[in-house]
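Undergrad: This is the content of entry.cif (mmCIF, C-alpha atoms and all ligand atoms; chains and numbers go by the auth columns):
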```
data_my_file
#
loop_
_atom_site.group_PDB
_atom_site.id
_atom_site.type_symbol
_atom_site.label_atom_id
_atom_site.label_comp_id
_atom_site.label_asym_id
_atom_site.label_seq_id
_atom_site.Cartn_x
_atom_site.Cartn_y
_atom_site.Cartn_z
_atom_site.B_iso_or_equiv
_atom_site.auth_seq_id
_atom_site.auth_asym_id
ATOM 1 C CA MET A 1 -12.146 -28.026 -5.988 0.00 1 K
ATOM 2 C CA GLN A 2 -10.275 -24.954 -4.698 0.00 2 K
ATOM 3 C CA PRO A 3 -6.644 -24.615 -5.886 0.00 3 K
ATOM 4 C CA LYS A 4 -3.628 -24.826 -3.549 0.00 4 K
ATOM 5 C CA ARG A 5 -2.136 -21.587 -4.917 0.00 5 K
ATOM 6 C CA TYR A 6 -3.237 -18.263 -6.360 0.00 6 K
ATOM 7 C CA HIS A 7 -3.271 -17.860 -10.148 0.00 7 K
ATOM 8 C CA ARG A 8 0.282 -17.394 -11.524 0.00 8 K
ATOM 9 C CA ALA A 9 -0.605 -13.966 -12.983 0.00 9 K
ATOM 10 C CA LEU A 10 -1.711 -12.880 -9.505 0.00 10 K
ATOM 11 C CA VAL A 11 1.452 -14.345 -7.943 0.00 11 K
ATOM 12 C CA ALA A 12 3.634 -12.420 -10.434 0.00 12 K
ATOM 13 C CA LEU A 13 1.695 -9.188 -9.812 0.00 13 K
ATOM 14 C CA HIS A 14 1.855 -9.700 -6.026 0.00 14 K
ATOM 15 C CA TRP A 15 5.673 -9.890 -5.868 0.00 15 K
ATOM 16 C CA LEU A 16 6.249 -7.222 -8.526 0.00 16 K
ATOM 17 C CA LEU A 17 3.906 -4.770 -6.757 0.00 17 K
ATOM 18 C CA ALA A 18 5.372 -5.625 -3.335 0.00 18 K
ATOM 19 C CA LEU A 19 8.810 -4.610 -4.619 0.00 19 K
ATOM 20 C CA MET A 20 7.560 -1.519 -6.460 0.00 20 K
ATOM 21 C CA LEU A 21 5.553 -0.297 -3.450 0.00 21 K
ATOM 22 C CA ILE A 22 8.405 -0.699 -0.972 0.00 22 K
ATOM 23 C CA VAL A 23 10.806 1.128 -3.327 0.00 23 K
ATOM 24 C CA ALA A 24 8.229 3.914 -4.044 0.00 24 K
ATOM 25 C CA LEU A 25 7.526 4.394 -0.317 0.00 25 K
ATOM 26 C CA ALA A 26 11.236 4.519 0.534 0.00 26 K
ATOM 27 C CA LEU A 27 12.261 6.809 -2.352 0.00 27 K
ATOM 28 C CA GLY A 28 9.138 8.979 -1.868 0.00 28 K
ATOM 29 C CA THR A 29 10.073 9.516 1.786 0.00 29 K
ATOM 30 C CA PHE A 30 13.857 9.787 1.546 0.00 30 K
ATOM 31 C CA VAL A 31 14.357 11.319 -1.904 0.00 31 K
ATOM 32 C CA VAL A 32 11.245 12.932 -3.506 0.00 32 K
ATOM 33 C CA LYS A 33 10.070 14.615 -0.293 0.00 33 K
ATOM 34 C CA ALA A 34 13.597 15.363 0.965 0.00 34 K
ATOM 35 C CA VAL A 35 14.775 17.207 -2.179 0.00 35 K
ATOM 36 C CA PRO A 36 13.457 20.820 -2.125 0.00 36 K
ATOM 37 C CA ASN A 37 11.511 22.029 -5.177 0.00 37 K
ATOM 38 C CA SER A 38 14.224 24.658 -5.730 0.00 38 K
ATOM 39 C CA SER A 39 16.871 21.952 -6.313 0.00 39 K
ATOM 40 C CA PRO A 40 17.854 21.092 -9.915 0.00 40 K
ATOM 41 C CA ASP A 41 17.511 17.404 -8.910 0.00 41 K
ATOM 42 C CA LYS A 42 13.799 17.696 -8.140 0.00 42 K
ATOM 43 C CA ILE A 43 12.486 17.326 -11.709 0.00 43 K
ATOM 44 C CA GLY A 44 14.402 14.054 -12.212 0.00 44 K
ATOM 45 C CA ALA A 45 13.179 12.714 -8.858 0.00 45 K
ATOM 46 C CA LEU A 46 9.566 13.604 -9.734 0.00 46 K
ATOM 47 C CA GLN A 47 9.864 12.064 -13.223 0.00 47 K
ATOM 48 C CA GLY A 48 10.880 8.667 -11.822 0.00 48 K
ATOM 49 C CA HIS A 49 8.339 8.848 -8.995 0.00 49 K
ATOM 50 C CA MET A 50 5.395 9.831 -11.199 0.00 50 K
ATOM 51 C CA ILE A 51 6.152 7.125 -13.790 0.00 51 K
ATOM 52 C CA ALA A 52 6.557 4.466 -11.065 0.00 52 K
ATOM 53 C CA GLY A 53 3.406 5.670 -9.249 0.00 53 K
ATOM 54 C CA GLY A 54 1.363 5.620 -12.480 0.00 54 K
ATOM 55 C CA LEU A 55 2.610 2.088 -13.239 0.00 55 K
ATOM 56 C CA ILE A 56 1.696 0.973 -9.707 0.00 56 K
ATOM 57 C CA LEU A 57 -1.815 2.333 -10.276 0.00 57 K
ATOM 58 C CA LEU A 58 -2.264 0.472 -13.598 0.00 58 K
ATOM 59 C CA LEU A 59 -0.799 -2.788 -12.254 0.00 59 K
ATOM 60 C CA THR A 60 -3.009 -2.589 -9.130 0.00 60 K
ATOM 61 C CA LEU A 61 -6.139 -2.185 -11.274 0.00 61 K
ATOM 62 C CA LEU A 62 -4.999 -5.155 -13.401 0.00 62 K
ATOM 63 C CA ARG A 63 -4.354 -7.135 -10.211 0.00 63 K
ATOM 64 C CA LEU A 64 -7.830 -6.369 -8.864 0.00 64 K
ATOM 65 C CA PHE A 65 -9.322 -7.546 -12.159 0.00 65 K
ATOM 66 C CA VAL A 66 -7.288 -10.799 -12.110 0.00 66 K
ATOM 67 C CA ARG A 67 -8.188 -11.323 -8.416 0.00 67 K
ATOM 68 C CA LEU A 68 -11.900 -11.044 -9.176 0.00 68 K
ATOM 69 C CA LYS A 69 -11.721 -13.259 -12.306 0.00 69 K
ATOM 70 C CA THR A 70 -9.642 -16.191 -10.951 0.00 70 K
ATOM 71 C CA ASP A 71 -10.336 -18.792 -8.274 0.00 71 K
ATOM 72 C CA HIS A 72 -8.147 -18.757 -5.151 0.00 72 K
ATOM 73 C CA PRO A 73 -7.226 -21.090 -2.273 0.00 73 K
ATOM 74 C CA ALA A 74 -9.569 -21.602 0.698 0.00 74 K
ATOM 75 C CA PRO A 75 -9.089 -18.924 3.405 0.00 75 K
ATOM 76 C CA ALA A 76 -6.078 -19.664 5.667 0.00 76 K
ATOM 77 C CA THR A 77 -6.838 -20.190 9.341 0.00 77 K
ATOM 78 C CA THR A 78 -4.966 -19.090 12.468 0.00 78 K
ATOM 79 C CA GLY A 79 -7.206 -20.995 14.866 0.00 79 K
ATOM 80 C CA ASN A 80 -8.600 -17.640 16.104 0.00 80 K
ATOM 81 C CA THR A 81 -11.944 -16.458 14.610 0.00 81 K
ATOM 82 C CA LEU A 82 -11.187 -12.766 15.093 0.00 82 K
ATOM 83 C CA LEU A 83 -7.759 -12.973 13.404 0.00 83 K
ATOM 84 C CA ASP A 84 -9.285 -15.031 10.585 0.00 84 K
ATOM 85 C CA ARG A 85 -11.827 -12.256 9.936 0.00 85 K
ATOM 86 C CA LEU A 86 -9.103 -9.614 10.080 0.00 86 K
ATOM 87 C CA ALA A 87 -7.108 -11.181 7.198 0.00 87 K
ATOM 88 C CA PRO A 88 -9.512 -10.449 4.280 0.00 88 K
ATOM 89 C CA ALA A 89 -10.224 -6.996 5.763 0.00 89 K
ATOM 90 C CA THR A 90 -6.474 -6.233 5.748 0.00 90 K
ATOM 91 C CA HIS A 91 -6.132 -7.447 2.157 0.00 91 K
ATOM 92 C CA TRP A 92 -8.933 -5.176 0.875 0.00 92 K
ATOM 93 C CA THR A 93 -7.530 -2.300 2.991 0.00 93 K
ATOM 94 C CA LEU A 94 -4.172 -2.759 1.239 0.00 94 K
ATOM 95 C CA TYR A 95 -5.822 -2.429 -2.180 0.00 95 K
ATOM 96 C CA LEU A 96 -7.760 0.652 -0.998 0.00 96 K
ATOM 97 C CA LEU A 97 -4.661 2.361 0.454 0.00 97 K
ATOM 98 C CA VAL A 98 -2.626 1.754 -2.725 0.00 98 K
ATOM 99 C CA LEU A 99 -5.453 3.241 -4.839 0.00 99 K
ATOM 100 C CA LEU A 100 -5.727 6.238 -2.468 0.00 100 K
ATOM 101 C CA MET A 101 -1.950 6.707 -2.581 0.00 101 K
ATOM 102 C CA ALA A 102 -1.796 6.708 -6.376 0.00 102 K
ATOM 103 C CA GLY A 103 -5.060 8.694 -6.710 0.00 103 K
ATOM 104 C CA SER A 104 -3.862 11.456 -4.367 0.00 104 K
ATOM 105 C CA GLY A 105 -0.527 11.557 -6.245 0.00 105 K
ATOM 106 C CA VAL A 106 -2.327 12.010 -9.579 0.00 106 K
ATOM 107 C CA ALA A 107 -4.683 14.657 -8.077 0.00 107 K
ATOM 108 C CA MET A 108 -1.724 16.577 -6.600 0.00 108 K
ATOM 109 C CA SER A 109 0.181 16.456 -9.869 0.00 109 K
ATOM 110 C CA VAL A 110 -2.833 17.672 -11.910 0.00 110 K
ATOM 111 C CA LEU A 111 -3.533 20.550 -9.471 0.00 111 K
ATOM 112 C CA ALA A 112 0.124 21.615 -9.559 0.00 112 K
ATOM 113 C CA GLY A 113 0.364 21.239 -13.367 0.00 113 K
ATOM 114 C CA LEU A 114 3.190 18.714 -12.914 0.00 114 K
ATOM 115 C CA PRO A 115 2.745 16.749 -16.178 0.00 115 K
ATOM 116 C CA GLY A 116 3.662 19.864 -18.228 0.00 116 K
ATOM 117 C CA ILE A 117 6.386 21.075 -15.844 0.00 117 K
ATOM 118 C CA VAL A 118 8.030 17.701 -15.211 0.00 118 K
ATOM 119 C CA PHE A 119 7.736 16.061 -18.634 0.00 119 K
ATOM 120 C CA GLY A 120 7.180 19.030 -20.979 0.00 120 K
ATOM 121 C CA GLY A 121 9.563 21.551 -19.429 0.00 121 K
ATOM 122 C CA VAL A 122 6.739 24.133 -19.465 0.00 122 K
ATOM 123 C CA GLY A 123 6.541 26.416 -16.381 0.00 123 K
ATOM 124 C CA THR A 124 8.220 26.081 -12.997 0.00 124 K
ATOM 125 C CA LEU A 125 7.592 24.110 -9.826 0.00 125 K
ATOM 126 C CA PRO A 126 5.811 25.893 -6.939 0.00 126 K
ATOM 127 C CA ALA A 127 7.925 26.462 -3.777 0.00 127 K
ATOM 128 C CA ASN A 128 6.294 23.300 -2.348 0.00 128 K
ATOM 129 C CA PHE A 129 3.027 21.321 -2.600 0.00 129 K
ATOM 130 C CA ASP A 130 1.803 22.037 0.947 0.00 130 K
ATOM 131 C CA ALA A 131 -1.187 24.197 -0.085 0.00 131 K
ATOM 132 C CA LEU A 132 -2.716 21.334 -2.116 0.00 132 K
ATOM 133 C CA PRO A 133 -5.175 19.150 -0.123 0.00 133 K
ATOM 134 C CA PRO A 134 -4.109 15.883 -1.893 0.00 134 K
ATOM 135 C CA ARG A 135 -0.522 16.500 -0.622 0.00 135 K
ATOM 136 C CA ALA A 136 -1.694 15.930 2.983 0.00 136 K
ATOM 137 C CA VAL A 137 -3.670 12.822 1.923 0.00 137 K
ATOM 138 C CA HIS A 138 -0.563 11.449 0.118 0.00 138 K
ATOM 139 C CA GLY A 139 1.565 11.899 3.283 0.00 139 K
ATOM 140 C CA ILE A 140 -0.988 10.386 5.717 0.00 140 K
ATOM 141 C CA VAL A 141 -1.872 7.444 3.460 0.00 141 K
ATOM 142 C CA ALA A 142 1.873 6.737 3.007 0.00 142 K
ATOM 143 C CA LYS A 143 2.192 6.140 6.778 0.00 143 K
ATOM 144 C CA LEU A 144 -1.000 4.009 6.871 0.00 144 K
ATOM 145 C CA LEU A 145 0.237 1.957 3.916 0.00 145 K
ATOM 146 C CA MET A 146 3.612 1.350 5.609 0.00 146 K
ATOM 147 C CA LEU A 147 1.729 0.169 8.720 0.00 147 K
ATOM 148 C CA ALA A 148 -0.591 -2.108 6.712 0.00 148 K
ATOM 149 C CA ILE A 149 2.348 -3.614 4.756 0.00 149 K
ATOM 150 C CA GLY A 150 4.190 -4.205 8.069 0.00 150 K
ATOM 151 C CA LEU A 151 1.135 -6.004 9.542 0.00 151 K
ATOM 152 C CA HIS A 152 0.717 -8.030 6.335 0.00 152 K
ATOM 153 C CA ILE A 153 4.370 -9.194 6.430 0.00 153 K
ATOM 154 C CA ALA A 154 4.152 -9.992 10.174 0.00 154 K
ATOM 155 C CA ALA A 155 1.001 -12.085 9.587 0.00 155 K
ATOM 156 C CA ALA A 156 2.635 -14.005 6.716 0.00 156 K
ATOM 157 C CA LEU A 157 5.730 -14.718 8.847 0.00 157 K
ATOM 158 C CA TYR A 158 3.529 -15.825 11.782 0.00 158 K
ATOM 159 C CA HIS A 159 1.795 -18.354 9.529 0.00 159 K
ATOM 160 C CA GLN A 160 4.997 -19.541 7.916 0.00 160 K
ATOM 161 C CA PHE A 161 7.312 -19.859 10.907 0.00 161 K
ATOM 162 C CA ILE A 162 5.112 -20.118 14.021 0.00 162 K
ATOM 163 C CA ARG A 163 2.091 -22.020 12.737 0.00 163 K
ATOM 164 C CA ARG A 164 4.282 -23.726 10.094 0.00 164 K
ATOM 165 C CA ASP A 165 1.310 -24.070 7.754 0.00 165 K
ATOM 166 C CA GLY A 166 3.257 -23.357 4.522 0.00 166 K
ATOM 167 C CA LEU A 167 1.184 -20.222 3.803 0.00 167 K
ATOM 168 C CA LEU A 168 3.862 -18.634 1.603 0.00 168 K
ATOM 169 C CA SER A 169 3.614 -21.469 -0.954 0.00 169 K
ATOM 170 C CA ARG A 170 0.071 -20.219 -1.748 0.00 170 K
ATOM 171 C CA MET A 171 1.719 -17.092 -3.194 0.00 171 K
ATOM 172 C CA GLY A 172 4.349 -19.101 -5.100 0.00 172 K
ATOM 173 C CA PHE A 173 4.640 -20.547 -8.620 0.00 173 K
ATOM 174 C CA GLY A 174 3.985 -24.239 -9.214 0.00 174 K
ATOM 175 C CA GLN A 175 1.246 -26.817 -9.684 0.00 175 K
ATOM 176 C CA ARG A 176 -2.095 -25.324 -8.613 0.00 176 K
HETATM 177 C C1 LIG B . 1.143 3.946 -4.927 0.00 201 K
HETATM 178 C C2 LIG B . 1.992 4.764 -5.533 0.00 201 K
HETATM 179 C C3 LIG B . 2.776 5.815 -4.798 0.00 201 K
HETATM 180 C C4 LIG B . 3.537 5.701 -3.649 0.00 201 K
HETATM 181 C C5 LIG B . 3.772 4.453 -2.823 0.00 201 K
HETATM 182 C C6 LIG B . 4.061 7.024 -3.363 0.00 201 K
HETATM 183 C C7 LIG B . 4.862 7.343 -2.274 0.00 201 K
HETATM 184 C C8 LIG B . 5.183 8.640 -1.873 0.00 201 K
HETATM 185 C C9 LIG B . 5.747 9.005 -0.597 0.00 201 K
HETATM 186 C C10 LIG B . 6.092 8.025 0.527 0.00 201 K
HETATM 187 C C11 LIG B . 5.911 10.355 -0.581 0.00 201 K
HETATM 188 C C12 LIG B . 6.400 11.203 0.617 0.00 201 K
HETATM 189 C C13 LIG B . 5.139 11.503 1.420 0.00 201 K
HETATM 190 C C14 LIG B . 5.390 12.065 2.798 0.00 201 K
HETATM 191 O O1 LIG B . 6.111 11.448 3.584 0.00 201 K
HETATM 192 O O2 LIG B . 4.808 13.143 3.122 0.00 201 K
HETATM 193 C C15 LIG B . 5.461 10.868 -1.863 0.00 201 K
HETATM 194 C C16 LIG B . 5.480 12.207 -2.264 0.00 201 K
HETATM 195 C C17 LIG B . 5.032 12.650 -3.483 0.00 201 K
HETATM 196 N N1 LIG B . 4.474 11.891 -4.500 0.00 201 K
HETATM 197 FE FE1 LIG B . 4.048 9.922 -4.405 0.00 201 K
HETATM 198 N N2 LIG B . 3.634 7.904 -4.327 0.00 201 K
HETATM 199 C C18 LIG B . 2.852 7.203 -5.225 0.00 201 K
HETATM 200 C C19 LIG B . 2.231 7.695 -6.351 0.00 201 K
HETATM 201 C C20 LIG B . 2.392 8.981 -6.844 0.00 201 K
HETATM 202 C C21 LIG B . 1.873 9.471 -8.103 0.00 201 K
HETATM 203 C C22 LIG B . 1.048 8.618 -9.081 0.00 201 K
HETATM 204 C C23 LIG B . 2.263 10.779 -8.211 0.00 201 K
HETATM 205 C C24 LIG B . 2.003 11.754 -9.323 0.00 201 K
HETATM 206 C C25 LIG B . 1.557 11.433 -10.514 0.00 201 K
HETATM 207 C C26 LIG B . 3.016 11.109 -7.020 0.00 201 K
HETATM 208 C C27 LIG B . 3.569 12.349 -6.747 0.00 201 K
HETATM 209 C C28 LIG B . 4.171 12.720 -5.549 0.00 201 K
HETATM 210 C C29 LIG B . 4.560 14.078 -5.230 0.00 201 K
HETATM 211 C C30 LIG B . 4.392 15.306 -6.127 0.00 201 K
HETATM 212 C C31 LIG B . 5.076 14.033 -3.915 0.00 201 K
HETATM 213 C C32 LIG B . 5.497 15.237 -3.073 0.00 201 K
HETATM 214 C C33 LIG B . 6.932 15.496 -3.048 0.00 201 K
HETATM 215 C C34 LIG B . 7.204 16.748 -2.207 0.00 201 K
HETATM 216 O O3 LIG B . 6.508 17.030 -1.224 0.00 201 K
HETATM 217 O O4 LIG B . 8.118 17.453 -2.599 0.00 201 K
HETATM 218 N N3 LIG B . 3.081 10.004 -6.208 0.00 201 K
HETATM 219 N N4 LIG B . 5.014 9.794 -2.622 0.00 201 K
#
```
As structure tokens - that is how I would like this structure written.
Ligand code: HEM
TA:
Amino acid sequence: MQPKRYHRALVALHWLLALMLIVALALGTFVVKAVPNSSPDKIGALQGHMIAGGLILLLTLLRLFVRLKTDHPAPATTGNTLLDRLAPATHWTLYLLVLLMAGSGVAMSVLAGLPGIVFGGVGTLPANFDALPPRAVHGIVAKLLMLAIGLHIAAALYHQFIRRDGLLSRMGFGQR
């Protein structure tokens, strides 16, 4: 029989990653990008961002593993076949965008030699990261990820408050 809720490890990872992603997107946009590389505050901003981004990458890989290894509730329905097909596609797109976001961040940091500069104090930051191709990917994927997270939240709220089907309890702790 299919369970009523997702596995508790997946539930914990879902809410932890939701929080971490929203904070990383907000701080990435309003702090990391906004502080010029010439500012003395930039190294500290990059340290926090790179550690958080690396953690997001590891936790997302762990989450994918747990998702594939555990059983989950039957697909939720909206009463509309097209919307019902869109839901799993959006979920896999979210995983893909997070991996692209973290992957482009790692690629940018390797190309710019950031691990040594930011954590080892060896060398200096370039004037900016604009010449590095992964920098453009990181910026575009950030906007796509914000859009996908917005759609995901809107869909969850639609289920919970308009269809009143108790969808959120599937991503909650309790008897499975
Ligand atoms: C999923 C995890 C991550 C999220 C959500 C995230 C989010 C962001 C956002 C929103 C920006 C501003 C982009 C823009 O508007 O153009 C940014 C910039 C940046 N991120 Fe990330 N990031 C992540 C992972 C990483 C990782 C793993 C690294 C490096 C190891 C990294 C390094 C950078 C750098 C170097 C910048 C550019 C700052 C600048 O232009 O001065 N990010 N990030």
Undergrad: Write out as CSV the residues of chain K that have any atom within 7 Å of an atom of ligand LIG 201 (chain K), one row each with the nearest atom pair and its distance in Å to one decimal, counting only C-alpha atoms and all ligand atoms, sorted by chain and then rising number.
TA:
```
residue,atom,partner,partner_atom,distance
K:Leu21,CA,K:LIG201,C5,5.1
K:Ala24,CA,K:LIG201,C5,4.7
K:Leu25,CA,K:LIG201,C10,4.0
K:Ala26,CA,K:LIG201,C10,6.2
K:Leu27,CA,K:LIG201,C10,6.9
K:Gly28,CA,K:LIG201,C9,3.6
K:Thr29,CA,K:LIG201,C12,4.2
K:Val32,CA,K:LIG201,C33,5.0
K:Lys33,CA,K:LIG201,C34,4.1
K:Ala34,CA,K:LIG201,O4,6.9
K:Val35,CA,K:LIG201,O4,6.7
K:Pro36,CA,K:LIG201,O4,6.3
K:Asn37,CA,K:LIG201,O4,6.3
K:Leu46,CA,K:LIG201,C30,6.5
K:His49,CA,K:LIG201,N3,6.1
K:Met50,CA,K:LIG201,C25,4.2
K:Gly53,CA,K:LIG201,C19,3.7
K:Gly54,CA,K:LIG201,C22,4.5
K:Ile56,CA,K:LIG201,C2,5.6
K:Leu57,CA,K:LIG201,C1,6.3
K:Val98,CA,K:LIG201,C1,4.9
K:Leu99,CA,K:LIG201,C1,6.6
K:Met101,CA,K:LIG201,C1,4.8
K:Ala102,CA,K:LIG201,C19,4.1
K:Gly103,CA,K:LIG201,C22,6.6
K:Gly105,CA,K:LIG201,C23,3.5
K:Val106,CA,K:LIG201,C25,4.0
K:Met108,CA,K:LIG201,C30,6.3
K:Ser109,CA,K:LIG201,C24,5.1
K:Asn128,CA,K:LIG201,O4,6.1
K:Phe129,CA,K:LIG201,O3,5.7
K:Arg135,CA,K:LIG201,C32,6.6
K:His138,CA,K:LIG201,C13,5.8
K:Gly139,CA,K:LIG201,O2,3.5
K:Ile140,CA,K:LIG201,O2,6.9
K:Ala142,CA,K:LIG201,C10,5.1
```
Undergrad: Just the residues within 10 Å of His152 in chain K, please, counting only C-alpha atoms, with nothing from its chain fewer than 6 positions along; format it as an MDAnalysis selection string.
TA: chainID K and resid 87 90:91 94 146 158
Undergrad: So what does the PyMOL selection byres (((chain K and resi 6-15) around 9) and not hetatm) actually pick up in this one, as a list in words?
TA: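 Those residues are Pro3, Lys4, Arg5, Leu16, Leu17, Ala18, Leu19, Met20, Leu59, Thr60, Leu62, Arg63, Leu64, Val66, Arg67, Thr70, Asp71, His72, Pro73, Arg170, Met171, Gly172, Phe173, Gly174 and Arg176 of chain K.
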Undergrad: Ile43 in chain K: which residues within 9 Å, counting all atoms listed in the file, same-chain residues fewer than 6 positions away excluded, as a PyMOL selection string?
TA: chain K and resi 37+117-119+125
Undergrad: Mind giving me the straight-line distance from CA of Leu96 in chain K to CA of Gly79 in chain K in Å, one decimal?
TA: 26.8 Å
Undergrad: What does the distance between CA of Leu82 in chain K and CA of Leu97 in chain K come to in Å, to one decimal place?
TA: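 Distance reported for this atom pair: 22.0 Å.
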Undergrad: From the options K:Thr124, K:Ala45, K:Leu144, K:His159, which residue's atoms come nearest to Leu83 in chain K, counting all atoms listed in the file?
TA: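 Using all atoms listed in the file, the shortest distance to Leu83 in chain K belongs to K:His159.
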Undergrad: Counting only C-alpha atoms, figure out which residue out of K:Gln47, K:Ala74, K:Asp165, K:Trp92 gets nearest to Gly116 in chain K.
TA: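 Using only C-alpha atoms, the shortest distance to Gly116 in chain K belongs to K:Gln47.
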Undergrad: At what distance in Å, to one decimal, does CA of Ala131 in chain K lie from CA of Pro40 in chain K?
TA: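 Computing it gives 21.7 Å between the two atoms.
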